[in-house]
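Structure file start.pdb (PDB, C-alpha atoms) is printed below.
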ATOM      1  CA  MET B 263    -102.574  57.629  11.718
ATOM      2  CA  SER B 264    -100.288  57.701   8.686
ATOM      3  CA  GLU B 265     -98.753  54.513   7.264
ATOM      4  CA  SER B 266     -95.295  55.624   8.399
ATOM      5  CA  THR B 267     -96.438  56.044  12.008
ATOM      6  CA  ALA B 268     -98.752  53.017  12.178
ATOM      7  CA  PRO B 269     -97.736  50.502  14.852
ATOM      8  CA  LYS B 270     -95.629  47.590  13.639
ATOM      9  CA  ARG B 271     -95.627  45.662  16.912
ATOM     10  CA  ILE B 272     -97.047  42.151  17.131
ATOM     11  CA  VAL B 273     -98.714  40.620  20.193
ATOM     12  CA  THR B 274     -98.544  36.869  20.768
ATOM     13  CA  PHE B 275     -99.952  34.978  23.721
ATOM     14  CA  GLY B 276    -100.391  31.475  25.024
ATOM     15  CA  ASP B 277     -98.225  28.491  25.754
ATOM     16  CA  VAL B 278     -94.795  28.407  27.340
ATOM     17  CA  ILE B 279     -93.302  24.922  27.461
ATOM     18  CA  GLU B 280     -90.186  23.128  28.614
ATOM     19  CA  ASP B 281     -89.407  20.895  25.615
ATOM     20  CA  VAL B 282     -87.350  17.726  25.923
ATOM     21  CA  VAL B 283     -86.415  16.753  22.352
ATOM     22  CA  VAL B 284     -85.392  13.105  21.921
ATOM     23  CA  VAL B 285     -83.750  12.014  18.653
ATOM     24  CA  PRO B 286     -83.158   8.224  18.710
ATOM     25  CA  GLN B 287     -79.948   7.148  16.985
ATOM     26  CA  GLY B 288     -81.560   3.944  15.723
ATOM     27  CA  PRO B 289     -84.825   1.977  15.905
ATOM     28  CA  VAL B 290     -86.621   2.363  19.238
ATOM     29  CA  ARG B 291     -86.337  -0.869  21.236
ATOM     30  CA  ALA B 292     -89.065  -1.647  23.762
ATOM     31  CA  ASP B 293     -88.099  -2.581  27.323
ATOM     32  CA  THR B 294     -84.430  -1.719  26.886
ATOM     33  CA  ASP B 295     -82.121   1.162  25.998
ATOM     34  CA  THR B 296     -82.082   3.151  22.761
ATOM     35  CA  ILE B 297     -79.103   5.461  22.355
ATOM     36  CA  SER B 298     -80.469   8.967  21.707
ATOM     37  CA  THR B 299     -79.638  12.645  21.627
ATOM     38  CA  ILE B 300     -81.701  14.380  24.337
ATOM     39  CA  SER B 301     -81.935  18.183  24.317
ATOM     40  CA  PRO B 302     -83.893  20.231  26.883
ATOM     41  CA  THR B 303     -84.970  23.490  25.222
ATOM     42  CA  PRO B 304     -87.530  26.237  25.859
ATOM     43  CA  GLY B 305     -90.640  25.807  23.748
ATOM     44  CA  GLY B 306     -94.352  26.354  23.398
ATOM     45  CA  SER B 307     -95.861  27.320  20.052
ATOM     46  CA  ALA B 308     -96.809  30.872  21.020
ATOM     47  CA  ALA B 309     -93.534  31.591  22.819
ATOM     48  CA  ASN B 310     -91.571  30.081  19.916
ATOM     49  CA  THR B 311     -93.265  32.427  17.449
ATOM     50  CA  ALA B 312     -92.502  35.372  19.730
ATOM     51  CA  ALA B 313     -88.829  34.372  19.978
ATOM     52  CA  TRP B 314     -88.469  34.126  16.190
ATOM     53  CA  LEU B 315     -90.188  37.484  15.747
ATOM     54  CA  GLY B 316     -87.788  39.020  18.244
ATOM     55  CA  GLU B 317     -84.813  37.432  16.490
ATOM     56  CA  LEU B 318     -86.057  38.957  13.226
ATOM     57  CA  GLY B 319     -86.085  42.415  14.808
ATOM     58  CA  VAL B 320     -89.849  42.838  15.104
ATOM     59  CA  GLY B 321     -91.259  44.565  18.176
ATOM     60  CA  VAL B 322     -93.168  41.793  19.938
ATOM     61  CA  ASP B 323     -95.049  41.451  23.218
ATOM     62  CA  PHE B 324     -95.638  37.959  24.576
ATOM     63  CA  VAL B 325     -98.244  37.184  27.245
ATOM     64  CA  GLY B 326     -98.131  33.802  28.982
ATOM     65  CA  ARG B 327     -98.043  31.882  32.255
ATOM     66  CA  VAL B 328     -95.308  29.840  33.946
ATOM     67  CA  GLY B 329     -94.693  28.085  37.222
ATOM     68  CA  ALA B 330     -93.427  30.197  40.119
ATOM     69  CA  ASP B 331     -89.945  28.658  39.999
ATOM     70  CA  ASP B 332     -89.452  29.510  36.317
ATOM     71  CA  VAL B 333     -90.603  33.104  35.908
ATOM     72  CA  GLU B 334     -87.145  34.693  36.139
ATOM     73  CA  ARG B 335     -85.616  32.143  33.754
ATOM     74  CA  HIS B 336     -88.286  32.465  31.073
ATOM     75  CA  THR B 337     -88.363  36.239  31.425
ATOM     76  CA  ARG B 338     -84.608  36.285  30.766
ATOM     77  CA  ILE B 339     -84.812  33.821  27.852
ATOM     78  CA  LEU B 340     -87.554  35.811  26.115
ATOM     79  CA  THR B 341     -85.908  39.158  26.788
ATOM     80  CA  ASP B 342     -82.616  37.879  25.387
ATOM     81  CA  ALA B 343     -84.522  36.860  22.227
ATOM     82  CA  GLY B 344     -85.752  40.435  21.742
ATOM     83  CA  VAL B 345     -89.230  39.828  23.179
ATOM     84  CA  THR B 346     -91.052  41.992  25.726
ATOM     85  CA  PRO B 347     -92.471  39.326  28.084
ATOM     86  CA  HIS B 348     -95.598  39.677  30.227
ATOM     87  CA  LEU B 349     -95.575  36.487  32.312
ATOM     88  CA  SER B 350     -98.053  35.701  35.056
ATOM     89  CA  ILE B 351     -97.048  33.317  37.820
ATOM     90  CA  ASP B 352     -98.838  30.082  38.646
ATOM     91  CA  HIS B 353     -98.332  29.079  42.285
ATOM     92  CA  GLU B 354    -100.056  25.705  41.872
ATOM     93  CA  LEU B 355     -98.900  24.226  38.580
ATOM     94  CA  PRO B 356     -95.399  23.992  37.102
ATOM     95  CA  THR B 357     -94.453  25.301  33.678
ATOM     96  CA  GLY B 358     -95.826  23.072  30.920
ATOM     97  CA  ARG B 359     -93.661  20.229  29.628
ATOM     98  CA  ILE B 360     -93.511  18.208  26.417
ATOM     99  CA  VAL B 361     -91.367  15.199  25.553
ATOM    100  CA  ILE B 362     -90.872  15.146  21.771
ATOM    101  CA  ILE B 363     -89.685  11.982  20.019
ATOM    102  CA  VAL B 364     -88.295  12.888  16.578
ATOM    103  CA  ASP B 365     -88.258  10.371  13.740
ATOM    104  CA  GLY B 366     -87.181  12.083  10.520
ATOM    105  CA  ASN B 367     -89.969  14.468   9.494
ATOM    106  CA  THR B 368     -92.406  13.161  12.088
ATOM    107  CA  ARG B 369     -92.764  13.780  15.806
ATOM    108  CA  THR B 370     -94.541  12.099  18.681
ATOM    109  CA  MET B 371     -95.327  14.443  21.549
ATOM    110  CA  TYR B 372     -96.224  13.684  25.157
ATOM    111  CA  THR B 373     -97.793  16.854  26.579
ATOM    112  CA  ASP B 374     -98.357  18.158  30.102
ATOM    113  CA  LYS B 375    -100.000  21.598  29.832
ATOM    114  CA  GLY B 376     -98.957  22.609  33.342
ATOM    115  CA  ALA B 377     -99.457  26.310  34.065
ATOM    116  CA  ASN B 378    -100.734  26.906  30.533
ATOM    117  CA  ALA B 379    -104.015  25.298  31.617
ATOM    118  CA  ASN B 380    -104.619  28.295  33.909
ATOM    119  CA  PHE B 381    -103.694  30.978  31.359
ATOM    120  CA  SER B 382    -106.484  33.207  30.035
ATOM    121  CA  PRO B 383    -106.324  35.364  26.890
ATOM    122  CA  ASP B 384    -108.090  37.993  29.021
ATOM    123  CA  GLU B 385    -104.565  38.742  30.294
ATOM    124  CA  VAL B 386    -103.854  40.381  26.913
ATOM    125  CA  THR B 387    -104.759  43.970  27.724
ATOM    126  CA  ASP B 388    -106.532  46.500  25.523
ATOM    127  CA  GLU B 389    -103.422  48.675  25.887
ATOM    128  CA  LEU B 390    -101.298  45.995  24.211
ATOM    129  CA  LEU B 391    -103.862  45.488  21.457
ATOM    130  CA  ALA B 392    -104.173  49.214  20.779
ATOM    131  CA  GLY B 393    -100.402  49.509  20.320
ATOM    132  CA  ALA B 394    -100.106  46.564  17.925
ATOM    133  CA  ALA B 395    -100.465  46.120  14.184
ATOM    134  CA  LEU B 396    -101.401  42.467  14.643
ATOM    135  CA  VAL B 397    -102.251  39.903  17.303
ATOM    136  CA  HIS B 398    -101.334  36.292  16.603
ATOM    137  CA  VAL B 399    -103.596  33.521  17.913
ATOM    138  CA  GLY B 400    -102.357  29.960  18.350
ATOM    139  CA  GLY B 401    -104.763  27.065  18.088
ATOM    140  CA  TYR B 402    -103.831  25.746  21.517
ATOM    141  CA  SER B 403    -105.190  28.940  23.089
ATOM    142  CA  VAL B 404    -108.438  28.592  21.139
ATOM    143  CA  MET B 405    -108.919  25.089  22.461
ATOM    144  CA  ASN B 406    -107.984  25.978  26.052
ATOM    145  CA  ALA B 407    -110.144  29.123  26.351
ATOM    146  CA  PRO B 408    -112.453  29.574  23.349
ATOM    147  CA  ASP B 409    -114.741  32.191  24.861
ATOM    148  CA  ALA B 410    -111.820  34.349  25.988
ATOM    149  CA  VAL B 411    -110.158  34.040  22.548
ATOM    150  CA  GLN B 412    -113.403  35.017  20.836
ATOM    151  CA  GLY B 413    -113.599  38.040  23.138
ATOM    152  CA  LEU B 414    -109.968  38.939  22.453
ATOM    153  CA  ILE B 415    -110.537  38.811  18.685
ATOM    154  CA  ALA B 416    -113.528  41.122  19.094
ATOM    155  CA  ARG B 417    -111.418  43.517  21.179
ATOM    156  CA  ALA B 418    -108.679  43.454  18.550
ATOM    157  CA  GLU B 419    -111.205  44.262  15.825
ATOM    158  CA  ALA B 420    -112.466  47.190  17.890
ATOM    159  CA  HIS B 421    -108.916  48.578  18.005
ATOM    160  CA  GLY B 422    -108.375  48.011  14.276
ATOM    161  CA  THR B 423    -105.769  45.342  15.034
ATOM    162  CA  VAL B 424    -105.410  42.545  12.473
ATOM    163  CA  VAL B 425    -105.735  38.967  13.764
ATOM    164  CA  SER B 426    -103.767  35.980  12.449
ATOM    165  CA  VAL B 427    -104.331  32.345  13.417
ATOM    166  CA  ASP B 428    -102.141  29.224  13.380
ATOM    167  CA  PRO B 429    -104.421  26.195  14.018
ATOM    168  CA  SER B 430    -101.407  24.400  15.584
ATOM    169  CA  SER B 431    -102.629  20.792  15.809
ATOM    170  CA  ALA B 432    -104.734  18.616  13.500
ATOM    171  CA  GLY B 433    -105.406  16.210  16.354
ATOM    172  CA  PHE B 434    -106.579  18.892  18.765
ATOM    173  CA  LEU B 435    -108.731  20.451  16.001
ATOM    174  CA  THR B 436    -110.550  17.155  15.584
ATOM    175  CA  ASP B 437    -111.031  16.806  19.350
ATOM    176  CA  PHE B 438    -112.247  20.403  19.703
ATOM    177  CA  GLY B 439    -114.644  20.414  16.740
ATOM    178  CA  ILE B 440    -114.106  22.022  13.339
ATOM    179  CA  GLU B 441    -117.206  24.217  13.186
ATOM    180  CA  ARG B 442    -116.639  25.383  16.735
ATOM    181  CA  PHE B 443    -113.034  26.319  15.936
ATOM    182  CA  LEU B 444    -114.042  28.242  12.815
ATOM    183  CA  GLU B 445    -116.744  30.054  14.766
ATOM    184  CA  VAL B 446    -114.275  31.163  17.454
ATOM    185  CA  VAL B 447    -111.731  32.544  14.950
ATOM    186  CA  ALA B 448    -114.271  33.972  12.499
ATOM    187  CA  GLY B 449    -113.005  37.535  12.999
ATOM    188  CA  ALA B 450    -109.427  36.700  11.957
ATOM    189  CA  SER B 451    -107.982  37.881   8.640
ATOM    190  CA  ILE B 452    -104.942  35.568   8.223
ATOM    191  CA  LEU B 453    -104.920  31.777   8.553
ATOM    192  CA  MET B 454    -101.684  29.739   8.408
ATOM    193  CA  PRO B 455    -102.471  26.000   8.614
ATOM    194  CA  ASN B 456    -100.296  23.103   7.558
ATOM    195  CA  LEU B 457    -101.652  20.537   5.110
ATOM    196  CA  ASP B 458    -102.957  18.142   7.778
ATOM    197  CA  GLU B 459    -104.761  20.987   9.539
ATOM    198  CA  GLY B 460    -106.148  22.242   6.225
ATOM    199  CA  ARG B 461    -107.515  18.782   5.442
ATOM    200  CA  VAL B 462    -109.197  18.593   8.841
ATOM    201  CA  LEU B 463    -110.653  22.109   8.528
ATOM    202  CA  THR B 464    -112.125  21.540   5.056
ATOM    203  CA  GLY B 465    -112.612  17.807   4.614
ATOM    204  CA  LEU B 466    -110.744  18.144   1.322
ATOM    205  CA  ASP B 467    -107.521  16.489   0.190
ATOM    206  CA  ASP B 468    -106.114  18.566  -2.690
ATOM    207  CA  PRO B 469    -103.934  21.454  -1.455
ATOM    208  CA  GLU B 470    -105.255  24.002  -3.977
ATOM    209  CA  ALA B 471    -108.855  23.080  -3.183
ATOM    210  CA  ILE B 472    -108.104  23.414   0.538
ATOM    211  CA  ALA B 473    -106.498  26.844   0.142
ATOM    212  CA  ILE B 474    -109.357  28.129  -2.028
ATOM    213  CA  ALA B 475    -112.002  26.818   0.387
ATOM    214  CA  LEU B 476    -110.332  28.443   3.384
ATOM    215  CA  ALA B 477    -109.947  31.706   1.449
ATOM    216  CA  GLU B 478    -113.751  31.931   1.427
ATOM    217  CA  ARG B 479    -113.530  32.497   5.185
ATOM    218  CA  PHE B 480    -110.215  34.374   5.587
ATOM    219  CA  THR B 481    -108.715  37.269   3.641
ATOM    220  CA  THR B 482    -105.280  35.629   3.506
ATOM    221  CA  VAL B 483    -104.449  31.912   3.621
ATOM    222  CA  ALA B 484    -100.917  30.496   3.706
ATOM    223  CA  LEU B 485    -101.117  26.695   3.535
ATOM    224  CA  THR B 486     -97.743  25.138   4.364
ATOM    225  CA  LEU B 487     -96.853  21.905   2.561
ATOM    226  CA  ALA B 488     -93.534  20.874   4.175
ATOM    227  CA  ASP B 489     -90.947  20.310   1.416
ATOM    228  CA  GLU B 490     -93.576  21.170  -1.238
ATOM    229  CA  GLY B 491     -93.534  24.812  -0.177
ATOM    230  CA  VAL B 492     -96.499  27.083   0.584
ATOM    231  CA  LEU B 493     -99.761  27.849  -1.209
ATOM    232  CA  VAL B 494    -100.898  31.449  -0.751
ATOM    233  CA  VAL B 495    -104.356  32.818  -1.534
ATOM    234  CA  ASP B 496    -104.729  36.518  -0.832
ATOM    235  CA  ALA B 497    -107.707  38.861  -1.201
ATOM    236  CA  GLY B 498    -109.654  36.519  -3.463
ATOM    237  CA  GLY B 499    -106.794  35.964  -5.906
ATOM    238  CA  GLU B 500    -105.589  32.750  -7.470
ATOM    239  CA  PRO B 501    -103.399  30.356  -5.440
ATOM    240  CA  VAL B 502     -99.681  31.140  -5.676
ATOM    241  CA  ARG B 503     -97.125  28.455  -4.855
ATOM    242  CA  VAL B 504     -94.005  29.573  -2.980
ATOM    243  CA  PRO B 505     -91.223  26.956  -3.079
ATOM    244  CA  ALA B 506     -89.643  25.503   0.021
ATOM    245  CA  VAL B 507     -86.055  26.419   0.859
ATOM    246  CA  ALA B 508     -83.611  23.518   0.684
ATOM    247  CA  THR B 509     -82.160  22.645   4.065
ATOM    248  CA  THR B 510     -80.832  19.793   6.200
ATOM    249  CA  LEU B 511     -83.590  18.469   8.437
ATOM    250  CA  LEU B 512     -82.530  17.804  12.023
ATOM    251  CA  ASP B 513     -85.721  18.507  13.987
ATOM    252  CA  PRO B 514     -89.106  19.617  12.575
ATOM    253  CA  THR B 515     -90.181  20.998  15.966
ATOM    254  CA  GLY B 516     -91.147  24.651  15.575
ATOM    255  CA  ALA B 517     -91.339  24.603  11.773
ATOM    256  CA  GLY B 518     -94.817  26.109  11.782
ATOM    257  CA  ASP B 519     -94.043  28.594  14.554
ATOM    258  CA  SER B 520     -90.983  29.909  12.736
ATOM    259  CA  PHE B 521     -92.885  30.101   9.440
ATOM    260  CA  SER B 522     -95.592  32.152  11.161
ATOM    261  CA  ALA B 523     -92.955  34.519  12.559
ATOM    262  CA  GLY B 524     -91.244  35.026   9.207
ATOM    263  CA  PHE B 525     -94.568  35.502   7.437
ATOM    264  CA  LEU B 526     -95.849  38.043   9.956
ATOM    265  CA  ALA B 527     -92.544  39.934  10.178
ATOM    266  CA  GLU B 528     -92.760  40.667   6.434
ATOM    267  CA  TRP B 529     -96.532  41.128   6.342
ATOM    268  CA  VAL B 530     -96.616  43.940   8.928
ATOM    269  CA  GLU B 531     -94.002  45.780   6.849
ATOM    270  CA  SER B 532     -95.263  45.244   3.294
ATOM    271  CA  GLY B 533     -98.726  43.686   3.420
ATOM    272  CA  ASP B 534     -97.520  41.386   0.604
ATOM    273  CA  ALA B 535     -98.659  37.834   1.385
ATOM    274  CA  VAL B 536     -96.467  36.159  -1.247
ATOM    275  CA  ALA B 537     -93.345  37.993  -0.073
ATOM    276  CA  ALA B 538     -94.357  37.113   3.481
ATOM    277  CA  ALA B 539     -94.567  33.407   2.593
ATOM    278  CA  GLN B 540     -91.113  33.587   1.008
ATOM    279  CA  VAL B 541     -89.653  34.996   4.223
ATOM    280  CA  GLY B 542     -91.578  32.436   6.264
ATOM    281  CA  ALA B 543     -90.123  29.617   4.172
ATOM    282  CA  ARG B 544     -86.589  30.909   4.719
ATOM    283  CA  VAL B 545     -87.047  31.208   8.482
ATOM    284  CA  SER B 546     -88.646  27.759   8.726
ATOM    285  CA  ALA B 547     -85.697  26.260   6.841
ATOM    286  CA  ARG B 548     -83.381  27.711   9.478
ATOM    287  CA  ALA B 549     -85.515  26.338  12.292
ATOM    288  CA  VAL B 550     -85.636  22.711  11.138
ATOM    289  CA  ALA B 551     -81.872  22.645  10.625
ATOM    290  CA  THR B 552     -81.314  22.913  14.392
ATOM    291  CA  ILE B 553     -82.462  20.973  17.455
ATOM    292  CA  GLY B 554     -85.282  22.738  19.290
ATOM    293  CA  ALA B 555     -87.968  25.207  18.287
ATOM    294  CA  ARG B 556     -86.264  28.532  19.089
ATOM    295  CA  PRO B 557     -83.511  30.528  17.320
ATOM    296  CA  VAL B 558     -79.957  29.547  18.272
TER     297      VAL B 558
END

In structure tokens, write the structure found in this file.
Amino acid sequence: MSESTAPKRIVTFGDVIEDVVVVPQGPVRADTDTISTISPTPGGSAANTAAWLGELGVGVDFVGRVGADDVERHTRILTDAGVTPHLSIDHELPTGRIVIIVDGNTRTMYTDKGANANFSPDEVTDELLAGAALVHVGGYSVMNAPDAVQGLIARAEAHGTVVSVDPSSAGFLTDFGIERFLEVVAGASILMPNLDEGRVLTGLDDPEAIAIALAERFTTVALTLADEGVLVVDAGGEPVRVPAVATTLLDPTGAGDSFSAGFLAEWVESGDAVAAAQVGARVSARAVATIGARPV
């Protein structure tokens, strides 16, 4: 297949969530009222990445699971975002829900996995993988179904499909086990952790040392550093720092998901990891300047 006719589609799979984003307008007061802005929005790390990819004009297939009452709504929301959705229906559990309390650049999240607990990466078909340039793996899927994710990565490799990974949660990484996580995703080429996740994965503190250590396992590493930008190590090269894009922070929810989308949208076109990080930084800056994790 020539470069001009190679597939440019991306497959994402995993969590669909109903986010409730709470931004208190002052210090939280126990046992009484705190005036807040409360915004219900569609979410879920994997679905967020798909929505940003669709908004950026990339052909993207999303595979996930929702409660029976929500399938038409989430199908419409994803389709309107430019995504081709493949949603299975859970007749026992509702769509997952998260209450997110935002305090500046930090978030506290109360999570109910809901129907996501019954989702299997086996639902990502070989047909989808064969028609894709890349399949993106979120850390939540690894932790929910490690054997199925390991099998999916092997199937992707067999089709010549590149695999990227966003670890997604430093806390869940610790709970799951670092060596186990790295074993499951060993066939991936691209890793996009944030600094906390990088520290957990390596046991190191210095960002450059973290990026270099992870680059011994993955061809491309993009270590996001919030307002300090991104460190990129590609194909054994030296770390390159990409600056953050100045923005007004309203809600950090979805910052990593939007960065992943921007990075991958550029990477499947050019294969240039530094240019991809620059696009990712611009998209992430847009995301944190709005309430919620999806494009508006």

Review point. Distance CA of Ala488 (chain B)-CA of Ala508 (chain B), one decimal place?
Key: 10.8 Å

Within 12 Å of region 407-427 of chain B, which residues of region 362-397 of chain B come that close, and what is the closest atom pair and distance in Å for each? Count only C-alpha atoms and give it as a tab-separated table.
residue	atom	partner	partner_atom	distance
B:Asn378	CA	B:Ala407	CA	10.5
B:Ala379	CA	B:Ala407	CA	8.9
B:Asn380	CA	B:Ala407	CA	9.4
B:Phe381	CA	B:Ala407	CA	8.4
B:Ser382	CA	B:Ala407	CA	6.6
B:Pro383	CA	B:Ala410	CA	5.7
B:Asp384	CA	B:Ala410	CA	6.0
B:Glu385	CA	B:Ala410	CA	9.5
B:Val386	CA	B:Leu414	CA	7.7
B:Thr387	CA	B:Leu414	CA	9.0
B:Asp388	CA	B:Arg417	CA	7.2
B:Glu389	CA	B:His421	CA	9.6
B:Leu390	CA	B:Ala418	CA	9.6
B:Leu391	CA	B:Ala418	CA	6.0
B:Ala392	CA	B:His421	CA	5.5
B:Gly393	CA	B:Thr423	CA	8.6
B:Ala394	CA	B:Thr423	CA	6.5
B:Ala395	CA	B:Thr423	CA	5.4
B:Leu396	CA	B:Val424	CA	4.6
B:Val397	CA	B:Val425	CA	5.1

Check your understanding: So what does the PyMOL selection byres ((chain B and resi 487) around 9) actually pick up in this one, as a list in words?
Key ->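 Applied to this file, the PyMOL selection byres ((chain B and resi 487) around 9) selects Asn456, Leu457, Asp458, Pro469, Leu485, Thr486, Ala488, Asp489, Glu490, Gly491, Val492, Leu493 and Ala506 of chain B.
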
Check your understanding: Which residues come within 8 Å of region 536-540 of chain B, counting only C-alpha atoms, excluding same-chain residues fewer than 5 positions away, as a list in words?
Key -> Ala484, Val492, Val494, Val502, Val504, Pro505, Phe521, Gly524, Phe525, Leu526, Ala527, Glu528 and Trp529 of chain B

Explicit residue set for the PyMOL selection byres ((chain B and resi 308) around 6), as a PDB file with C-alpha atoms, keeping the file's coordinate frame:
ATOM      1  CA  PHE B 275     -99.952  34.978  23.721  1.00  0.00           C
ATOM      2  CA  GLY B 276    -100.391  31.475  25.024  1.00  0.00           C
ATOM      3  CA  ASP B 277     -98.225  28.491  25.754  1.00  0.00           C
ATOM      4  CA  GLY B 306     -94.352  26.354  23.398  1.00  0.00           C
ATOM      5  CA  SER B 307     -95.861  27.320  20.052  1.00  0.00           C
ATOM      6  CA  ALA B 309     -93.534  31.591  22.819  1.00  0.00           C
ATOM      7  CA  ASN B 310     -91.571  30.081  19.916  1.00  0.00           C
ATOM      8  CA  THR B 311     -93.265  32.427  17.449  1.00  0.00           C
TER       9      THR B 311
END

Check your understanding: Can you list, as an MDAnalysis selection string, every protein, DNA or RNA residue that comes within 8 Å of Thr552 (chain B) when you count all atoms listed in the file, leaving out same-chain residues fewer than 5 positions away?
Key -> chainID B and resid 511:513 558

**Study point:** Output of the PyMOL selection byres ((chain B and resi 320) around 9), listed as a ChimeraX atom specification
**Key:** /B:270-272,314-319,321-322,344-345,527

Review point. Taking only C-alpha atoms into account, which of B:Ala343, B:Val285, B:Ala473, B:Leu349 comes nearest Ala330 (chain B)?
Key: B:Leu349

**Study point:** Distance in Å - CA of Ser431 (chain B) versus CA of Thr341 (chain B)
**Key:** 27.2 Å

Point to revise | Long-range neighbours of Lys375 (chain B) as a list in words, 12 Å cut-off, only C-alpha atoms, 2 positions minimum in chain | key: Gly276, Asp277, Val278, Ile279, Glu280, Asp281, Gly305, Gly306, Arg327, Val328, Gly329, Leu355, Pro356, Thr357, Gly358, Arg359, Ile360, Val361, Met371, Tyr372, Thr373, Ala377, Asn378, Ala379, Asn380, Phe381, Tyr402, Ser403 and Asn406 of chain B

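For the atom pair formed by CA of Ala313 (chain B) and CA of Arg556 (chain B), the distance is 6.4 Å, given to one decimal.
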
Practice item. Please provide as a PyMOL selection string all residues within 8 Å of Pro514 (chain B), with the sequence filter that same-chain residues fewer than 2 positions apart are discarded (counting only C-alpha atoms). Key: chain B and resi 364+367-369+511-512+516-517+549-550

Taking all atoms of region 478-495 of chain B that appear in the file, build a box with edges along x, y and z, extend it by 3 Å on every side, and state its centre and edge lengths in Å to one decimal, as AutoDock Vina command-line options.
--center_x -102.3 --center_y 28.8 --center_z 2.0 --size_x 28.8 --size_y 23.0 --size_z 13.1
